[in-house]
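Novice: Take a look at the following structure, please.
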Amino acid sequence: MLACMYSAPTHLGPWIGMLIGGAYFIFCWFFGGLYLADVLHLGIAHRSLDYREWFMKAVTIVNNTFAIYVDPIAWGQSPSIAS
């Protein structure tokens, strides 16, 4: 958030820059947690949660576009298959 505060355009000001950085952090934290823990781990790897296909695809696209990319196919494979 400090980097966003110092690199914000002058017409926005440092506080708006910090607010944007904080909102992006919360967005990435929420979708990253939802994607990694619930969709990939419980939904795909263990098949213990039954999600609708459109929900899984939407969360995957949003997370892989705006946050960090995680390959769902490689995540769901066991180590003996992937190597």
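Chains: A, B, ... in order of the structure tokens. Residues: from 1 per chain. Ligands: from 1, in order shown.
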Do you have, as a tab-separated table, the list of residues of stretch 7-26 of chain A lying at most 12 Å from stretch 32-46 of chain A, each with its nearest atom pair and that distance in Å to one decimal, counting only C-alpha atoms and ordered by chain then number?
Specialist:
residue	atom	partner	partner_atom	distance
A:Tyr24	CA	A:Gly32	CA	11.7
A:Phe25	CA	A:Gly32	CA	10.2
A:Ile26	CA	A:Gly32	CA	9.6
Novice: Excluding same-chain residues fewer than 5 positions from A:Phe31, what lies within 8 Å of it counting only C-alpha atoms, as a PDB file with N, CA, C and O atoms, in the first residue's frame?
Specialist:
ATOM      1  N   VAL A  59     -14.324 -18.045 -11.218  1.00  0.00           N
ATOM      2  CA  VAL A  59     -13.321 -17.777 -10.181  1.00  0.00           C
ATOM      3  C   VAL A  59     -11.921 -18.011 -10.735  1.00  0.00           C
ATOM      4  O   VAL A  59     -10.995 -17.244 -10.462  1.00  0.00           O
ATOM      5  N   VAL A  62     -11.058 -15.006 -13.125  1.00  0.00           N
ATOM      6  CA  VAL A  62     -10.822 -13.767 -12.376  1.00  0.00           C
ATOM      7  C   VAL A  62      -9.498 -13.839 -11.627  1.00  0.00           C
ATOM      8  O   VAL A  62      -8.690 -12.905 -11.682  1.00  0.00           O
ATOM      9  N   ASN A  63      -9.240 -14.943 -10.938  1.00  0.00           N
ATOM     10  CA  ASN A  63      -8.000 -15.052 -10.174  1.00  0.00           C
ATOM     11  C   ASN A  63      -6.778 -15.095 -11.077  1.00  0.00           C
ATOM     12  O   ASN A  63      -5.781 -14.432 -10.808  1.00  0.00           O
ATOM     13  N   ALA A  67      -4.887 -11.729 -10.331  1.00  0.00           N
ATOM     14  CA  ALA A  67      -4.028 -12.054  -9.186  1.00  0.00           C
ATOM     15  C   ALA A  67      -2.855 -12.898  -9.667  1.00  0.00           C
ATOM     16  O   ALA A  67      -2.138 -12.492 -10.568  1.00  0.00           O
TER      17      ALA A  67
END
Novice: What is the atom CA of A:Phe55-atom CA of A:Phe27 distance in Å, reported with one decimal?
Specialist: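 Computing it gives 17.0 Å between the two atoms.
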